[in-house]
Amino acid sequence: MARDDAVRCLRCLLYALNLLFWLMSACVLGVAAWIRDSLNTVLTLTAHTRLEEAAVLTYSPAVHPVIIAVCCFLIIVAMVGYCGTLRCNLLLLSWYFGSLLVIFCVELASAVWTYEEPSVQRSDMISLKSRMPNYGLQRYQWLTHTWNSFQTEFKCCGVIYFTDWLEMTEMEWPPDSCCSVQYPGCARHAHYHDLSDLHQEGCGPKIYSFIRGTKQLQVLRFLGVSIGVAQILAMALTLTLLWALYYGKKSPEPDLTTIQMAQEDSALAAVDQGASAEALNFVSGRMNKLTTNTPSATASKQKEQKFEMDRLHAAA
């Protein structure tokens, strides 16, 4: 009874951990997709600068294709673990344990391999100004769209201040993406009437804060550590469940019917070899006991027993 309760408890814990694997893997994939969009914008603005290298070093562990593939594979492994736990199947549970071990090793190796502290200074933000003169040119429409998207999403304007646009380009006022409330011509109106309608903070400090790490990145790191701890716990529980199911069982008790039949066969052999009438009495007593203890025996079985007794009397 205690063993059955322990197995039931282990199965419930594995059910909960597999559900946790599904939820955390889905969260990792969602947050990674969210970060990847902003990361692509930052990489476009910081191309061929030290800022690009720093951004890659910071976010490559979070959006690396290996990590994305591992999370997808972990969802499948959790399904196999759920089925193996439900059916108490040795093969599925063994495959589940091995897969978790491989995934954990890949995650650990990837984290160690990709971890490196980015070296970036605030003075490196000035290099972003080299990307501003091409704004609005026909052959650099992709860069224009990137600047507009970044300034709108991060609520910033220019590199240090919105006047960077007037300094680095031939524009007379900043782009409309610098406006707090955007509409066609809003930047021109704000430039001549109310500068407070423009974003007052530059995009350089925003990019610096992004490279140093965002809240989304912290969430991904927390989820990564949580998945690793959950995997260690799941592997330990799986090994315990395997032991409880297949190595902790007691040897089955001998079947009473088998013992009785063996005793009867021995007595019959003794009678055939000329043994005393005590063997005959033993067999008769055993058959009478069987008939008494099995009231639900069929009539055909009783006839067979009677025939056997007659044969034994004749032999004696």
# chains A, B, ... in the order shown; residues from 1 in each chain; ligands from 1
call {"tool": "residues_around", "arguments": {"residues": "Thr152 of chain A", "least_positions_apart": "6", "cutoff": "12 Å", "atoms": "only C-alpha atoms", "output": "NGL selection string"}}
result
:A and (38 or 41 or 145-146 or 158 or 175-182 or 198-199 or 202-203)
call {"tool": "atom_distance", "arguments": {"atom1": "atom CA of Asp194 of chain A", "atom2": "atom CA of Met125 of chain A"}}
result
27.2 Å
call {"tool": "closest_atom_pairs", "arguments": {"of": "segment 82-187 of chain A", "to": "segment 222-231 of chain A", "cutoff": "9 Å", "atoms": "only C-alpha atoms", "output": "CSV"}}
result
residue,atom,partner,partner_atom,distance
A:Leu100,CA,A:Gln231,CA,6.4
A:Leu101,CA,A:Gln231,CA,7.9
A:Ile103,CA,A:Gln231,CA,8.7
A:Phe104,CA,A:Gly228,CA,6.5
A:Glu107,CA,A:Gly228,CA,8.0
A:Leu108,CA,A:Gly228,CA,8.4
call {"tool": "write_last_selection", "arguments": {"atoms": "N, CA, C and O atoms", "output": "PDB file, in the first residue's frame"}}
result
ATOM      1  N   LEU A 100      15.616  14.262 -21.725  1.00  0.00           N
ATOM      2  CA  LEU A 100      15.821  15.373 -20.788  1.00  0.00           C
ATOM      3  C   LEU A 100      17.302  15.578 -20.503  1.00  0.00           C
ATOM      4  O   LEU A 100      17.774  16.722 -20.401  1.00  0.00           O
ATOM      5  N   LEU A 101      18.040  14.490 -20.372  1.00  0.00           N
ATOM      6  CA  LEU A 101      19.468  14.597 -20.099  1.00  0.00           C
ATOM      7  C   LEU A 101      20.199  15.260 -21.270  1.00  0.00           C
ATOM      8  O   LEU A 101      21.059  16.139 -21.066  1.00  0.00           O
ATOM      9  N   ILE A 103      18.870  17.295 -23.565  1.00  0.00           N
ATOM     10  CA  ILE A 103      18.454  18.696 -23.644  1.00  0.00           C
ATOM     11  C   ILE A 103      19.167  19.538 -22.594  1.00  0.00           C
ATOM     12  O   ILE A 103      19.621  20.654 -22.872  1.00  0.00           O
ATOM     13  N   PHE A 104      19.287  19.005 -21.398  1.00  0.00           N
ATOM     14  CA  PHE A 104      19.956  19.751 -20.328  1.00  0.00           C
ATOM     15  C   PHE A 104      21.424  19.998 -20.682  1.00  0.00           C
ATOM     16  O   PHE A 104      21.945  21.102 -20.462  1.00  0.00           O
ATOM     17  N   GLU A 107      21.580  22.740 -23.386  1.00  0.00           N
ATOM     18  CA  GLU A 107      21.317  24.059 -22.814  1.00  0.00           C
ATOM     19  C   GLU A 107      22.510  24.567 -22.016  1.00  0.00           C
ATOM     20  O   GLU A 107      22.887  25.745 -22.122  1.00  0.00           O
ATOM     21  N   LEU A 108      23.100  23.693 -21.228  1.00  0.00           N
ATOM     22  CA  LEU A 108      24.250  24.098 -20.414  1.00  0.00           C
ATOM     23  C   LEU A 108      25.438  24.480 -21.296  1.00  0.00           C
ATOM     24  O   LEU A 108      26.096  25.509 -21.064  1.00  0.00           O
TER      25      LEU A 108
END
call {"tool": "residues_around", "arguments": {"residues": "segment 91-93 of chain A", "least_positions_apart": "3", "cutoff": "10 Å", "atoms": "only C-alpha atoms", "output": "ChimeraX atom specification"}}
result
/A:77,80-85,87-88,96-99,235,238-239,241-242
call {"tool": "write_last_selection", "arguments": {"atoms": "N, CA and C atoms", "output": "mmCIF file, in the first residue's frame"}}
result
data_model
loop_
_atom_site.group_PDB
_atom_site.id
_atom_site.type_symbol
_atom_site.label_atom_id
_atom_site.label_comp_id
_atom_site.auth_asym_id
_atom_site.auth_seq_id
_atom_site.Cartn_x
_atom_site.Cartn_y
_atom_site.Cartn_z
ATOM 1 N N VAL A 77 9.018 16.242 -25.963
ATOM 2 C CA VAL A 77 9.509 15.351 -24.907
ATOM 3 C C VAL A 77 8.540 15.331 -23.729
ATOM 4 N N VAL A 80 5.745 13.006 -24.497
ATOM 5 C CA VAL A 80 6.158 11.602 -24.328
ATOM 6 C C VAL A 80 6.228 11.241 -22.851
ATOM 7 N N GLY A 81 6.768 12.154 -22.042
ATOM 8 C CA GLY A 81 6.833 11.900 -20.607
ATOM 9 C C GLY A 81 5.460 11.770 -19.982
ATOM 10 N N TYR A 82 4.518 12.557 -20.451
ATOM 11 C CA TYR A 82 3.153 12.455 -19.923
ATOM 12 C C TYR A 82 2.553 11.088 -20.260
ATOM 13 N N CYS A 83 2.732 10.654 -21.511
ATOM 14 C CA CYS A 83 2.189 9.348 -21.910
ATOM 15 C C CYS A 83 2.877 8.215 -21.152
ATOM 16 N N GLY A 84 4.204 8.300 -21.004
ATOM 17 C CA GLY A 84 4.914 7.264 -20.279
ATOM 18 C C GLY A 84 4.511 7.183 -18.823
ATOM 19 N N THR A 85 4.289 8.345 -18.202
ATOM 20 C CA THR A 85 3.838 8.356 -16.815
ATOM 21 C C THR A 85 2.418 7.833 -16.685
ATOM 22 N N ARG A 87 0.896 5.621 -18.619
ATOM 23 C CA ARG A 87 0.822 4.179 -18.878
ATOM 24 C C ARG A 87 1.859 3.380 -18.087
ATOM 25 N N CYS A 88 2.721 4.100 -17.360
ATOM 26 C CA CYS A 88 3.804 3.433 -16.615
ATOM 27 C C CYS A 88 4.619 2.532 -17.540
ATOM 28 N N TYR A 96 12.217 9.250 -22.194
ATOM 29 C CA TYR A 96 11.959 10.569 -21.597
ATOM 30 C C TYR A 96 13.156 11.027 -20.768
ATOM 31 N N PHE A 97 13.690 10.135 -19.954
ATOM 32 C CA PHE A 97 14.851 10.479 -19.130
ATOM 33 C C PHE A 97 16.060 10.814 -20.004
ATOM 34 N N GLY A 98 16.322 9.995 -21.007
ATOM 35 C CA GLY A 98 17.463 10.247 -21.878
ATOM 36 C C GLY A 98 17.341 11.559 -22.639
ATOM 37 N N SER A 99 16.135 11.870 -23.106
ATOM 38 C CA SER A 99 15.926 13.119 -23.846
ATOM 39 C C SER A 99 16.125 14.331 -22.950
ATOM 40 N N MET A 235 14.199 14.477 -14.016
ATOM 41 C CA MET A 235 15.053 13.301 -14.212
ATOM 42 C C MET A 235 15.166 12.482 -12.931
ATOM 43 N N THR A 238 11.876 10.664 -12.435
ATOM 44 C CA THR A 238 11.713 9.585 -13.413
ATOM 45 C C THR A 238 12.513 8.347 -13.006
ATOM 46 N N LEU A 239 13.744 8.552 -12.563
ATOM 47 C CA LEU A 239 14.540 7.422 -12.093
ATOM 48 C C LEU A 239 13.890 6.744 -10.891
ATOM 49 N N LEU A 241 10.703 6.708 -10.164
ATOM 50 C CA LEU A 241 9.504 6.006 -10.623
ATOM 51 C C LEU A 241 9.871 4.698 -11.317
ATOM 52 N N LEU A 242 10.924 4.708 -12.125
ATOM 53 C CA LEU A 242 11.360 3.472 -12.769
ATOM 54 C C LEU A 242 11.755 2.428 -11.735
#
call {"tool": "closest_residue", "arguments": {"among": "A:Cys12, A:Ile160, A:Leu128, A:Leu166", "to": "His48 of chain A", "atoms": "only C-alpha atoms"}}
result
A:Leu128
